[in-house]
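Okay, so here's the structure we're looking at.
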Amino acid sequence: MDNDQNFNDKTLKFSYWYLTHKILLRKLLIIFLIVLSVIFFAYAIYIIVLEFAVYGQNYNQVLVSLPQNLLNTGGYRALHEVKEPQVVNITVIAGTSERYDFISKIKNPNSDFLVESFDYQFITGNDDVDLSKDKSGPNPARVKKGFILPGEEKYLVDLSVTSKKRINQARLNIVNIQWRRISDYATIQKEKLRFDIADVKFIPPVADGSNKLPVSKVSFNAINKSAFNFWNIGFYVILFKGTAIAGANYVSIDQFLTGQTRPITVNWFEPLPDITQVQVVPEVNILDSSIYMELMAINR
């Protein structure tokens with residue numbers, strides 16, 4: 001009974017206070033809302049003035065730059081574009097009977113592109129040459145075809161070229177280049193390009209007083225350490241006197257089977273200087289499926 005009476009007394013007192021201060025409370029609420037509105041309005045004015053007066057120039061620059069391409073596409077293209085094969089050096093070797101050997105080392109600077117095919121010719125004149133035409137007259141070197149594996153340095157040769165005109169130098173003309181992008185070439189190379197060259201020997205001609213042609217020889221063993229069988233493999237044999245190329249030859253072998261060791265001999269039927277080094281370089285397009293022998297072909 002006492003609790004109910006106390007509750008009723010408090011309720012009555014609050015009701016009486018509210019009724020006597022109702023007008024004052026309303027005025028205070030209106031003043032609070034007005035002050036709050038003024039604060040928000042002033043803040044909005046401050047932001048507008050700040051944006052247009054202080055940051056307006058930067059804002060306009062951003063608007064102007066929106067239609068522009070902000071990506072560095074030029075740098076991306078420069079990083080990923082295909083680079084042309086590079087000619088490292090060219091050597092002209094004069095032989096007997098007005099014959100010349102042309103040897104050049106070239107490089108594919110692209111680690112993920114195969115130079116699938118191209119036409120090349122050693123040019124001995126000063127004029128540009130159309131490789132689609134026969135140039136057996138003023139330019140005796142022949143039009144030949146080649147390929148370059150990704151990132152590879154290799155030799156190009158044209159041997160025993162006949163010319164009545166003395167040739168001291170030449171340049172290499174490469175056209176009709178066909179590219180093909182290769183993914184993960186390092187793995188393919190490690191798996192398929194596994195050839196060892198062993199027991200390389202240069203055998204100079206024997207001076208026996210006879211009138212026979214001086215025959216120099218290079219012998220070596222080629223070992224196929226890959227798990228693949230190849231229809232044909234080529235080998236460049238380059239002779240050096242010191243650091244200078246003194247001779248070159250090319251030989252190929254058929255049906256080079258996995259695990260096989262093949263003895264190879266290459267001959268030179270003309271005088272050579274004192275040879276100090278021999279380099280044997282395999283040539284095979286491991287990215288060409290037609291070079292691999294099928295099991296049915298091996299068993300025949």
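Residues are referred to by chain and number: the chain letter is A, B, ... according to the order shown in the structure tokens, the number counts from 1 in that chain, and ligands are numbered separately from 1 in the order shown.
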- Query: Do you know which residues are at most 6 Å from range 117-125 of chain A counting only C-alpha atoms, after dropping those on the same chain fewer than 4 positions away, and could you put them as a VMD selection string?
  - Reply: chain A and resid 141 to 147 170 to 178
Selection to disk with N, CA and C atoms, as a PDB file, in the first residue's frame:
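For reference, result-v3.pdb as written:
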ATOM      1  N   ALA A 141      75.948 -15.313-102.544  1.00  0.00           N
ATOM      2  CA  ALA A 141      75.429 -16.068-101.415  1.00  0.00           C
ATOM      3  C   ALA A 141      73.963 -16.413-101.636  1.00  0.00           C
ATOM      4  N   ARG A 142      73.564 -17.576-101.137  1.00  0.00           N
ATOM      5  CA  ARG A 142      72.230 -18.097-101.422  1.00  0.00           C
ATOM      6  C   ARG A 142      71.227 -17.732-100.339  1.00  0.00           C
ATOM      7  N   VAL A 143      69.952 -17.715-100.731  1.00  0.00           N
ATOM      8  CA  VAL A 143      68.883 -17.506 -99.769  1.00  0.00           C
ATOM      9  C   VAL A 143      68.628 -18.819 -99.033  1.00  0.00           C
ATOM     10  N   LYS A 144      68.642 -18.756 -97.694  1.00  0.00           N
ATOM     11  CA  LYS A 144      68.459 -19.962 -96.900  1.00  0.00           C
ATOM     12  C   LYS A 144      67.411 -19.694 -95.832  1.00  0.00           C
ATOM     13  N   LYS A 145      66.941 -20.764 -95.209  1.00  0.00           N
ATOM     14  CA  LYS A 145      65.930 -20.654 -94.166  1.00  0.00           C
ATOM     15  C   LYS A 145      66.516 -21.071 -92.827  1.00  0.00           C
ATOM     16  N   GLY A 146      65.949 -20.510 -91.751  1.00  0.00           N
ATOM     17  CA  GLY A 146      66.434 -20.853 -90.426  1.00  0.00           C
ATOM     18  C   GLY A 146      65.361 -20.667 -89.373  1.00  0.00           C
ATOM     19  N   PHE A 147      65.735 -20.949 -88.144  1.00  0.00           N
ATOM     20  CA  PHE A 147      64.879 -20.757 -86.969  1.00  0.00           C
ATOM     21  C   PHE A 147      65.787 -20.424 -85.794  1.00  0.00           C
ATOM     22  N   ALA A 170      80.835  -8.888 -95.300  1.00  0.00           N
ATOM     23  CA  ALA A 170      79.448  -9.122 -95.703  1.00  0.00           C
ATOM     24  C   ALA A 170      78.535  -8.666 -94.583  1.00  0.00           C
ATOM     25  N   ARG A 171      77.283  -8.557 -94.895  1.00  0.00           N
ATOM     26  CA  ARG A 171      76.262  -8.291 -93.885  1.00  0.00           C
ATOM     27  C   ARG A 171      75.152  -9.317 -94.046  1.00  0.00           C
ATOM     28  N   LEU A 172      74.366  -9.464 -93.016  1.00  0.00           N
ATOM     29  CA  LEU A 172      73.320 -10.490 -92.982  1.00  0.00           C
ATOM     30  C   LEU A 172      71.955  -9.839 -93.133  1.00  0.00           C
ATOM     31  N   ASN A 173      71.203 -10.299 -94.113  1.00  0.00           N
ATOM     32  CA  ASN A 173      69.851  -9.812 -94.358  1.00  0.00           C
ATOM     33  C   ASN A 173      68.853 -10.877 -93.914  1.00  0.00           C
ATOM     34  N   ILE A 174      67.980 -10.525 -92.948  1.00  0.00           N
ATOM     35  CA  ILE A 174      66.982 -11.457 -92.420  1.00  0.00           C
ATOM     36  C   ILE A 174      65.591 -10.884 -92.669  1.00  0.00           C
ATOM     37  N   VAL A 175      64.732 -11.659 -93.326  1.00  0.00           N
ATOM     38  CA  VAL A 175      63.377 -11.200 -93.648  1.00  0.00           C
ATOM     39  C   VAL A 175      62.384 -12.339 -93.418  1.00  0.00           C
ATOM     40  N   ASN A 176      61.096 -12.011 -93.594  1.00  0.00           N
ATOM     41  CA  ASN A 176      59.998 -12.990 -93.510  1.00  0.00           C
ATOM     42  C   ASN A 176      60.017 -13.749 -92.185  1.00  0.00           C
ATOM     43  N   ILE A 177      60.155 -13.010 -91.098  1.00  0.00           N
ATOM     44  CA  ILE A 177      60.246 -13.623 -89.772  1.00  0.00           C
ATOM     45  C   ILE A 177      58.861 -14.035 -89.288  1.00  0.00           C
ATOM     46  N   GLN A 178      58.744 -15.269 -88.844  1.00  0.00           N
ATOM     47  CA  GLN A 178      57.507 -15.789 -88.273  1.00  0.00           C
ATOM     48  C   GLN A 178      57.738 -16.095 -86.791  1.00  0.00           C
TER      49      GLN A 178
END
- Long-range neighbours of range 181-190 of chain A as a ChimeraX atom specification, 7 Å cut-off, only C-alpha atoms, 2 positions minimum in chain: /A:112-114,179,192-194
Serialized selection, N, CA and C atoms, as a PDB file, in the first residue's frame:
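To be explicit, this is the file written out as part-v2.pdb:
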ATOM      1  N   ASP A 112      60.502 -15.778 -74.505  1.00  0.00           N
ATOM      2  CA  ASP A 112      59.215 -16.469 -74.619  1.00  0.00           C
ATOM      3  C   ASP A 112      58.664 -16.451 -76.038  1.00  0.00           C
ATOM      4  N   PHE A 113      59.529 -16.207 -77.037  1.00  0.00           N
ATOM      5  CA  PHE A 113      59.100 -16.237 -78.432  1.00  0.00           C
ATOM      6  C   PHE A 113      60.078 -17.076 -79.253  1.00  0.00           C
ATOM      7  N   LEU A 114      59.527 -17.989 -80.028  1.00  0.00           N
ATOM      8  CA  LEU A 114      60.302 -18.769 -80.995  1.00  0.00           C
ATOM      9  C   LEU A 114      60.292 -18.055 -82.335  1.00  0.00           C
ATOM     10  N   TRP A 179      56.922 -15.461 -85.935  1.00  0.00           N
ATOM     11  CA  TRP A 179      57.074 -15.617 -84.490  1.00  0.00           C
ATOM     12  C   TRP A 179      56.004 -16.549 -83.928  1.00  0.00           C
ATOM     13  N   LYS A 192      63.996 -31.558 -73.198  1.00  0.00           N
ATOM     14  CA  LYS A 192      64.206 -32.074 -74.551  1.00  0.00           C
ATOM     15  C   LYS A 192      65.568 -31.725 -75.160  1.00  0.00           C
ATOM     16  N   LEU A 193      66.164 -30.610 -74.768  1.00  0.00           N
ATOM     17  CA  LEU A 193      67.432 -30.201 -75.374  1.00  0.00           C
ATOM     18  C   LEU A 193      68.579 -30.719 -74.515  1.00  0.00           C
ATOM     19  N   ARG A 194      68.758 -32.044 -74.567  1.00  0.00           N
ATOM     20  CA  ARG A 194      69.755 -32.691 -73.719  1.00  0.00           C
ATOM     21  C   ARG A 194      70.709 -33.510 -74.597  1.00  0.00           C
TER      22      ARG A 194
END
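Straight-line separation from CA of Asp101 in chain A to CA of Leu156 in chain A: 10.8 Å.
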- Message: as a ChimeraX atom specification, please: every residue in range 152-192 of chain A that a backbone DSSP assignment puts in helix (DSSP H, G or I).
- Response: /A:185-192
Let me see the file: selected residues, N, CA and C atoms, as a PDB file, in the first residue's frame.
ATOM      1  N   TYR A 185      59.171 -22.073 -71.584  1.00  0.00           N
ATOM      2  CA  TYR A 185      60.179 -22.689 -72.447  1.00  0.00           C
ATOM      3  C   TYR A 185      61.320 -23.313 -71.642  1.00  0.00           C
ATOM      4  N   ALA A 186      61.648 -22.743 -70.491  1.00  0.00           N
ATOM      5  CA  ALA A 186      62.759 -23.274 -69.686  1.00  0.00           C
ATOM      6  C   ALA A 186      62.535 -24.742 -69.324  1.00  0.00           C
ATOM      7  N   THR A 187      61.288 -25.097 -69.017  1.00  0.00           N
ATOM      8  CA  THR A 187      60.980 -26.494 -68.682  1.00  0.00           C
ATOM      9  C   THR A 187      61.113 -27.385 -69.914  1.00  0.00           C
ATOM     10  N   ILE A 188      60.630 -26.916 -71.053  1.00  0.00           N
ATOM     11  CA  ILE A 188      60.732 -27.693 -72.298  1.00  0.00           C
ATOM     12  C   ILE A 188      62.194 -27.891 -72.678  1.00  0.00           C
ATOM     13  N   GLN A 189      62.977 -26.851 -72.569  1.00  0.00           N
ATOM     14  CA  GLN A 189      64.398 -26.935 -72.910  1.00  0.00           C
ATOM     15  C   GLN A 189      65.123 -27.942 -72.028  1.00  0.00           C
ATOM     16  N   LYS A 190      64.843 -27.886 -70.732  1.00  0.00           N
ATOM     17  CA  LYS A 190      65.506 -28.793 -69.791  1.00  0.00           C
ATOM     18  C   LYS A 190      65.140 -30.245 -70.076  1.00  0.00           C
ATOM     19  N   GLU A 191      63.956 -30.485 -70.579  1.00  0.00           N
ATOM     20  CA  GLU A 191      63.482 -31.840 -70.811  1.00  0.00           C
ATOM     21  C   GLU A 191      63.957 -32.403 -72.149  1.00  0.00           C
ATOM     22  N   LYS A 192      63.996 -31.558 -73.198  1.00  0.00           N
ATOM     23  CA  LYS A 192      64.206 -32.074 -74.551  1.00  0.00           C
ATOM     24  C   LYS A 192      65.568 -31.725 -75.160  1.00  0.00           C
TER      25      LYS A 192
END
- Message: Let me make sure I understand: among A:Val157, A:Ile286, A:Ile233, A:Val206, which one has the smallest atom-to-atom distance to Asn249 in chain A if we use only C-alpha atoms?
- Response: A:Val157
- Minimum-distance residue to Val88 in chain A, chosen among A:Tyr292, A:Ser216, A:Tyr155, A:Ala42 (using only C-alpha atoms):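 Comparing A:Tyr292, A:Ser216, A:Tyr155, A:Ala42 against Val88 in chain A, the winner is A:Tyr155.
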- Work out how far CA of Phe195 in chain A is from CA of Gly259 in chain A, in Å to one decimal. 9.8 Å
- Item | Selection near Asp199 in chain A, 12 Å with only C-alpha atoms, sequence-local residues under 6 positions removed, as a ChimeraX atom specification | /A:218-223,261-265,278-280
Would you save the residues from that selection as a PDB file, in the first residue's frame, using C-alpha atoms?
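Result file again_39.pdb:
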ATOM      1  CA  VAL A 218      87.217 -33.029 -86.397  1.00  0.00           C
ATOM      2  CA  SER A 219      85.854 -36.052 -84.599  1.00  0.00           C
ATOM      3  CA  PHE A 220      83.452 -36.100 -81.659  1.00  0.00           C
ATOM      4  CA  ASN A 221      80.777 -38.178 -79.989  1.00  0.00           C
ATOM      5  CA  ALA A 222      77.194 -36.912 -79.817  1.00  0.00           C
ATOM      6  CA  ILE A 223      75.105 -38.341 -76.952  1.00  0.00           C
ATOM      7  CA  THR A 261      76.056 -42.278 -78.680  1.00  0.00           C
ATOM      8  CA  ARG A 262      76.971 -41.459 -82.290  1.00  0.00           C
ATOM      9  CA  PRO A 263      80.579 -40.970 -83.446  1.00  0.00           C
ATOM     10  CA  ILE A 264      80.802 -38.148 -86.023  1.00  0.00           C
ATOM     11  CA  THR A 265      83.666 -37.003 -88.246  1.00  0.00           C
ATOM     12  CA  VAL A 278      86.770 -26.455 -81.646  1.00  0.00           C
ATOM     13  CA  GLN A 279      83.150 -25.683 -80.826  1.00  0.00           C
ATOM     14  CA  VAL A 280      80.347 -28.142 -81.663  1.00  0.00           C
TER      15      VAL A 280
END
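Distance-wise, CA of Glu84 in chain A and CA of Val284 in chain A end up 20.6 Å apart.
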- Message: I need the residue nearest Lys105 in chain A from this list: A:Trp268, A:Tyr18, A:Phe256, A:Tyr236. Use only C-alpha atoms for the distance.
- Response: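 Going through A:Trp268, A:Tyr18, A:Phe256, A:Tyr236 one by one, the smallest distance to Lys105 in chain A is for A:Tyr236.
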- Got a sec: who's within 12 Å of Gln277 in chain A, counting only C-alpha atoms, leaving out chain neighbours fewer than 6 positions off, as a PyMOL selection string? chain A and resi 200-203+218+237-248
Give me a file of those residues, with N, CA and C atoms, as an mmCIF file, in the first residue's frame.
data_model
loop_
_atom_site.group_PDB
_atom_site.id
_atom_site.type_symbol
_atom_site.label_atom_id
_atom_site.label_comp_id
_atom_site.auth_asym_id
_atom_site.auth_seq_id
_atom_site.Cartn_x
_atom_site.Cartn_y
_atom_site.Cartn_z
ATOM 1 N N VAL A 200 85.948 -34.354 -78.290
ATOM 2 C CA VAL A 200 86.159 -33.511 -79.470
ATOM 3 C C VAL A 200 87.652 -33.452 -79.780
ATOM 4 N N LYS A 201 88.011 -33.794 -81.019
ATOM 5 C CA LYS A 201 89.424 -33.812 -81.426
ATOM 6 C C LYS A 201 89.570 -33.159 -82.793
ATOM 7 N N PHE A 202 90.579 -32.288 -82.897
ATOM 8 C CA PHE A 202 90.952 -31.742 -84.201
ATOM 9 C C PHE A 202 92.190 -32.474 -84.690
ATOM 10 N N ILE A 203 92.104 -33.030 -85.884
ATOM 11 C CA ILE A 203 93.203 -33.823 -86.452
ATOM 12 C C ILE A 203 93.736 -33.087 -87.678
ATOM 13 N N VAL A 218 87.707 -33.177 -87.768
ATOM 14 C CA VAL A 218 87.217 -33.029 -86.397
ATOM 15 C C VAL A 218 86.348 -34.236 -86.106
ATOM 16 N N VAL A 237 80.036 -27.136 -86.594
ATOM 17 C CA VAL A 237 81.395 -27.353 -86.110
ATOM 18 C C VAL A 237 82.196 -26.106 -86.465
ATOM 19 N N ILE A 238 82.604 -25.352 -85.457
ATOM 20 C CA ILE A 238 83.279 -24.070 -85.657
ATOM 21 C C ILE A 238 84.716 -24.183 -85.150
ATOM 22 N N LEU A 239 85.668 -23.812 -86.008
ATOM 23 C CA LEU A 239 87.089 -23.843 -85.659
ATOM 24 C C LEU A 239 87.560 -22.440 -85.294
ATOM 25 N N PHE A 240 88.427 -22.360 -84.287
ATOM 26 C CA PHE A 240 88.945 -21.068 -83.835
ATOM 27 C C PHE A 240 90.472 -21.091 -83.847
ATOM 28 N N LYS A 241 91.035 -19.957 -84.222
ATOM 29 C CA LYS A 241 92.452 -19.693 -83.993
ATOM 30 C C LYS A 241 92.502 -18.541 -83.003
ATOM 31 N N GLY A 242 92.774 -18.865 -81.747
ATOM 32 C CA GLY A 242 92.643 -17.860 -80.704
ATOM 33 C C GLY A 242 91.161 -17.583 -80.480
ATOM 34 N N THR A 243 90.779 -16.314 -80.626
ATOM 35 C CA THR A 243 89.366 -15.940 -80.482
ATOM 36 C C THR A 243 88.684 -15.726 -81.828
ATOM 37 N N ALA A 244 89.430 -15.862 -82.924
ATOM 38 C CA ALA A 244 88.880 -15.617 -84.256
ATOM 39 C C ALA A 244 88.406 -16.927 -84.896
ATOM 40 N N ILE A 245 87.278 -16.861 -85.578
ATOM 41 C CA ILE A 245 86.771 -18.032 -86.300
ATOM 42 C C ILE A 245 87.658 -18.288 -87.510
ATOM 43 N N ALA A 246 88.142 -19.530 -87.636
ATOM 44 C CA ALA A 246 89.059 -19.885 -88.712
ATOM 45 C C ALA A 246 88.446 -20.884 -89.692
ATOM 46 N N GLY A 247 87.301 -21.424 -89.375
ATOM 47 C CA GLY A 247 86.667 -22.399 -90.264
ATOM 48 C C GLY A 247 85.328 -22.823 -89.703
ATOM 49 N N ALA A 248 84.484 -23.367 -90.579
ATOM 50 C CA ALA A 248 83.165 -23.820 -90.140
ATOM 51 C C ALA A 248 82.702 -24.952 -91.035
#
- Query: Which one is closest to Ile93 in chain A: A:Pro214, A:Pro282, A:Pro273, A:Gly151? Count only C-alpha atoms.
  - Reply: A:Pro273
